[in-house]
file structure.cif (mmCIF, N, CA and C atoms)
data_query
#
loop_
_atom_site.label_atom_id
_atom_site.label_comp_id
_atom_site.auth_asym_id
_atom_site.auth_seq_id
_atom_site.Cartn_x
_atom_site.Cartn_y
_atom_site.Cartn_z
N MET A 1 152.33 14.83 -2.45
CA MET A 1 151.40 14.09 -1.62
C MET A 1 150.44 13.32 -2.51
N THR A 2 150.19 12.08 -2.14
CA THR A 2 149.28 11.27 -2.93
C THR A 2 147.84 11.57 -2.54
N SER A 3 146.96 11.38 -3.48
CA SER A 3 145.54 11.59 -3.19
C SER A 3 144.81 10.27 -3.38
N TRP A 4 143.95 9.98 -2.44
CA TRP A 4 143.18 8.75 -2.47
C TRP A 4 141.76 9.09 -2.87
N GLU A 5 141.23 8.40 -3.86
CA GLU A 5 139.89 8.69 -4.34
C GLU A 5 138.96 7.50 -4.15
N GLY A 6 139.25 6.67 -3.18
CA GLY A 6 138.40 5.51 -2.90
C GLY A 6 137.20 5.91 -2.05
N LYS A 7 136.40 4.92 -1.72
CA LYS A 7 135.22 5.16 -0.90
C LYS A 7 135.41 4.53 0.47
N SER A 8 134.87 5.18 1.45
CA SER A 8 134.87 4.63 2.80
C SER A 8 133.54 3.93 3.02
N LYS A 9 133.59 2.75 3.64
CA LYS A 9 132.34 2.03 3.89
C LYS A 9 131.73 2.38 5.23
N GLY A 10 132.44 3.17 6.01
CA GLY A 10 131.93 3.56 7.32
C GLY A 10 130.90 4.68 7.21
N THR A 11 130.06 4.77 8.22
CA THR A 11 129.07 5.84 8.27
C THR A 11 129.45 6.82 9.38
N LYS A 12 128.80 7.95 9.38
CA LYS A 12 129.07 8.94 10.42
C LYS A 12 128.72 8.38 11.80
N PHE A 13 127.67 7.59 11.88
CA PHE A 13 127.28 6.97 13.14
C PHE A 13 128.35 5.99 13.63
N GLY A 14 128.88 5.19 12.72
CA GLY A 14 129.93 4.25 13.09
C GLY A 14 131.18 4.95 13.58
N TYR A 15 131.57 6.02 12.90
CA TYR A 15 132.73 6.80 13.33
C TYR A 15 132.49 7.42 14.70
N SER A 16 131.28 7.91 14.94
CA SER A 16 131.00 8.53 16.23
C SER A 16 131.03 7.50 17.36
N ILE A 17 130.59 6.26 17.08
CA ILE A 17 130.69 5.21 18.09
C ILE A 17 132.16 4.94 18.41
N PHE A 18 132.98 4.82 17.38
CA PHE A 18 134.40 4.56 17.58
C PHE A 18 135.07 5.68 18.37
N ILE A 19 134.82 6.91 17.99
CA ILE A 19 135.42 8.06 18.69
C ILE A 19 134.91 8.14 20.13
N GLY A 20 133.62 7.85 20.35
CA GLY A 20 133.08 7.86 21.71
C GLY A 20 133.73 6.82 22.60
N ILE A 21 133.91 5.61 22.08
CA ILE A 21 134.59 4.57 22.86
C ILE A 21 136.03 4.95 23.10
N LEU A 22 136.67 5.51 22.10
CA LEU A 22 138.05 5.94 22.24
C LEU A 22 138.20 7.00 23.33
N ARG A 23 137.32 7.96 23.35
CA ARG A 23 137.39 9.04 24.35
C ARG A 23 137.02 8.56 25.76
N LYS A 24 135.98 7.73 25.85
CA LYS A 24 135.47 7.34 27.17
C LYS A 24 136.27 6.20 27.81
N PHE A 25 136.69 5.23 26.99
CA PHE A 25 137.32 4.03 27.55
C PHE A 25 138.79 3.87 27.20
N GLY A 26 139.25 4.53 26.15
CA GLY A 26 140.66 4.43 25.79
C GLY A 26 140.91 3.65 24.50
N VAL A 27 142.17 3.45 24.24
CA VAL A 27 142.60 2.87 22.97
C VAL A 27 142.28 1.37 22.88
N ILE A 28 142.55 0.63 23.94
CA ILE A 28 142.39 -0.82 23.87
C ILE A 28 140.94 -1.23 23.58
N PRO A 29 139.93 -0.71 24.29
CA PRO A 29 138.55 -1.09 23.93
C PRO A 29 138.16 -0.65 22.51
N ALA A 30 138.68 0.47 22.06
CA ALA A 30 138.36 0.92 20.69
C ALA A 30 138.91 -0.07 19.67
N TYR A 31 140.11 -0.56 19.89
CA TYR A 31 140.69 -1.52 18.96
C TYR A 31 140.03 -2.89 19.08
N VAL A 32 139.52 -3.24 20.24
CA VAL A 32 138.75 -4.48 20.36
C VAL A 32 137.50 -4.38 19.48
N LEU A 33 136.84 -3.24 19.51
CA LEU A 33 135.68 -3.02 18.64
C LEU A 33 136.08 -3.15 17.17
N LEU A 34 137.22 -2.58 16.80
CA LEU A 34 137.65 -2.64 15.40
C LEU A 34 137.96 -4.05 14.95
N ARG A 35 138.35 -4.92 15.87
CA ARG A 35 138.57 -6.32 15.49
C ARG A 35 137.27 -6.96 15.02
N PHE A 36 136.17 -6.67 15.71
CA PHE A 36 134.87 -7.21 15.29
C PHE A 36 134.43 -6.61 13.95
N VAL A 37 134.69 -5.35 13.76
CA VAL A 37 134.35 -4.70 12.49
C VAL A 37 135.17 -5.31 11.35
N ALA A 38 136.45 -5.51 11.58
CA ALA A 38 137.31 -6.11 10.56
C ALA A 38 136.87 -7.53 10.24
N LEU A 39 136.52 -8.30 11.26
CA LEU A 39 136.04 -9.66 11.04
C LEU A 39 134.75 -9.65 10.20
N TYR A 40 133.87 -8.72 10.47
CA TYR A 40 132.65 -8.60 9.68
C TYR A 40 132.97 -8.40 8.20
N TYR A 41 133.92 -7.50 7.90
CA TYR A 41 134.25 -7.25 6.50
C TYR A 41 134.99 -8.41 5.87
N VAL A 42 135.77 -9.16 6.62
CA VAL A 42 136.43 -10.34 6.07
C VAL A 42 135.39 -11.38 5.68
N ILE A 43 134.37 -11.54 6.50
CA ILE A 43 133.35 -12.57 6.25
C ILE A 43 132.36 -12.13 5.17
N PHE A 44 131.86 -10.91 5.26
CA PHE A 44 130.76 -10.49 4.39
C PHE A 44 131.16 -9.65 3.19
N SER A 45 132.42 -9.33 3.08
CA SER A 45 132.88 -8.59 1.91
C SER A 45 134.04 -9.37 1.28
N ALA A 46 133.71 -10.50 0.68
CA ALA A 46 134.71 -11.42 0.15
C ALA A 46 135.57 -10.79 -0.94
N GLN A 47 134.97 -9.96 -1.77
CA GLN A 47 135.73 -9.34 -2.86
C GLN A 47 136.81 -8.42 -2.30
N THR A 48 136.48 -7.64 -1.30
CA THR A 48 137.45 -6.74 -0.69
C THR A 48 138.55 -7.54 -0.01
N SER A 49 138.19 -8.61 0.68
CA SER A 49 139.18 -9.45 1.35
C SER A 49 140.14 -10.07 0.35
N ALA A 50 139.62 -10.55 -0.76
CA ALA A 50 140.47 -11.17 -1.78
C ALA A 50 141.45 -10.15 -2.36
N ILE A 51 141.00 -8.94 -2.57
CA ILE A 51 141.87 -7.89 -3.11
C ILE A 51 142.97 -7.56 -2.11
N MET A 52 142.63 -7.46 -0.83
CA MET A 52 143.64 -7.16 0.18
C MET A 52 144.66 -8.30 0.30
N LEU A 53 144.20 -9.55 0.32
CA LEU A 53 145.12 -10.67 0.40
C LEU A 53 146.05 -10.71 -0.81
N ASP A 54 145.52 -10.45 -1.99
CA ASP A 54 146.34 -10.41 -3.19
C ASP A 54 147.40 -9.30 -3.10
N PHE A 55 147.01 -8.16 -2.59
CA PHE A 55 147.95 -7.05 -2.41
C PHE A 55 149.08 -7.44 -1.47
N PHE A 56 148.74 -8.02 -0.32
CA PHE A 56 149.76 -8.38 0.65
C PHE A 56 150.69 -9.47 0.12
N LYS A 57 150.15 -10.42 -0.64
CA LYS A 57 150.98 -11.50 -1.15
C LYS A 57 151.87 -11.05 -2.31
N GLN A 58 151.29 -10.36 -3.28
CA GLN A 58 152.03 -10.04 -4.49
C GLN A 58 152.85 -8.75 -4.38
N ARG A 59 152.30 -7.72 -3.83
CA ARG A 59 152.99 -6.43 -3.80
C ARG A 59 153.94 -6.29 -2.62
N ILE A 60 153.53 -6.76 -1.44
CA ILE A 60 154.35 -6.60 -0.26
C ILE A 60 155.23 -7.83 -0.03
N GLY A 61 154.81 -8.98 -0.53
CA GLY A 61 155.62 -10.17 -0.44
C GLY A 61 155.39 -11.03 0.80
N PHE A 62 154.25 -10.85 1.47
CA PHE A 62 153.94 -11.69 2.62
C PHE A 62 153.61 -13.10 2.14
N SER A 63 153.92 -14.07 2.96
CA SER A 63 153.54 -15.44 2.64
C SER A 63 152.16 -15.73 3.24
N ASN A 64 151.59 -16.86 2.86
CA ASN A 64 150.29 -17.24 3.41
C ASN A 64 150.38 -17.46 4.91
N PHE A 65 151.51 -17.96 5.38
CA PHE A 65 151.70 -18.23 6.81
C PHE A 65 151.60 -16.93 7.62
N VAL A 66 152.17 -15.85 7.13
CA VAL A 66 152.15 -14.57 7.84
C VAL A 66 150.75 -14.00 7.86
N LEU A 67 149.99 -14.19 6.82
CA LEU A 67 148.65 -13.59 6.72
C LEU A 67 147.64 -14.28 7.62
N TYR A 68 147.81 -15.55 7.92
CA TYR A 68 146.84 -16.27 8.72
C TYR A 68 147.41 -16.58 10.02
#

call {"tool": "encode", "arguments": {"input": "structure.cif", "output": "structure tokens"}}
result
Amino acid sequence: MTSWEGKSKGTKFGYSIFIGILRKFGVIPAYVLLRFVALYYVIFSAQTSAIMLDFFKQRIGFSNFVLY
């Protein structure tokens, strides 16, 4: 089994909001919330976004068309 030693940027409060929406409203509203969270990190965490795009292009072989 592989072990991941990275850091999570989420907080306990953020996780509890996600779990609360998931329990009360279901999967679809929880994933709608995650779309806004993901968009926030794409816009305000440029270094992380660049690393992810590089990973998808070079390691997995996605083209630019598939990513956007």

call {"tool": "select_by_dssp", "arguments": {"input": "structure.cif", "residues": "chain A", "states": "alpha helix (DSSP H)", "output": "VMD selection string"}}
result
chain A and resid 12 to 25 27 to 44 46 to 54 64 to 67

call {"tool": "atom_distance", "arguments": {"input": "structure.cif", "atom1": "atom CA of A:Lys24", "atom2": "atom N of A:Gly10"}}
result
21.8 Å

call {"tool": "atom_distance", "arguments": {"input": "structure.cif", "atom1": "atom C of A:Ile43", "atom2": "atom CA of A:Lys9"}}
result
14.2 Å

call {"tool": "atom_distance", "arguments": {"input": "structure.cif", "atom1": "atom N of A:Ala38", "atom2": "atom C of A:Arg23"}}
result
20.0 Å

call {"tool": "axis_aligned_box", "arguments": {"input": "structure.cif", "around": "stretch 28-31 of chain A", "padding_each_side": "5 Å", "output": "AutoDock Vina command-line options"}}
result
--center_x 140.4 --center_y -1.0 --center_z 21.6 --size_x 14.4 --size_y 13.8 --size_z 15.3

call {"tool": "residues_around", "arguments": {"input": "structure.cif", "residues": "A:Ala30", "least_positions_apart": "5", "cutoff": "12 Å", "atoms": "only C-alpha atoms", "output": "list in words"}}
result
Gly14, Tyr15, Ser16, Ile17, Phe18, Ile19, Gly20, Ile21, Leu22, Arg23, Lys24, Phe25, Arg35, Phe36 and Val37 of chain A
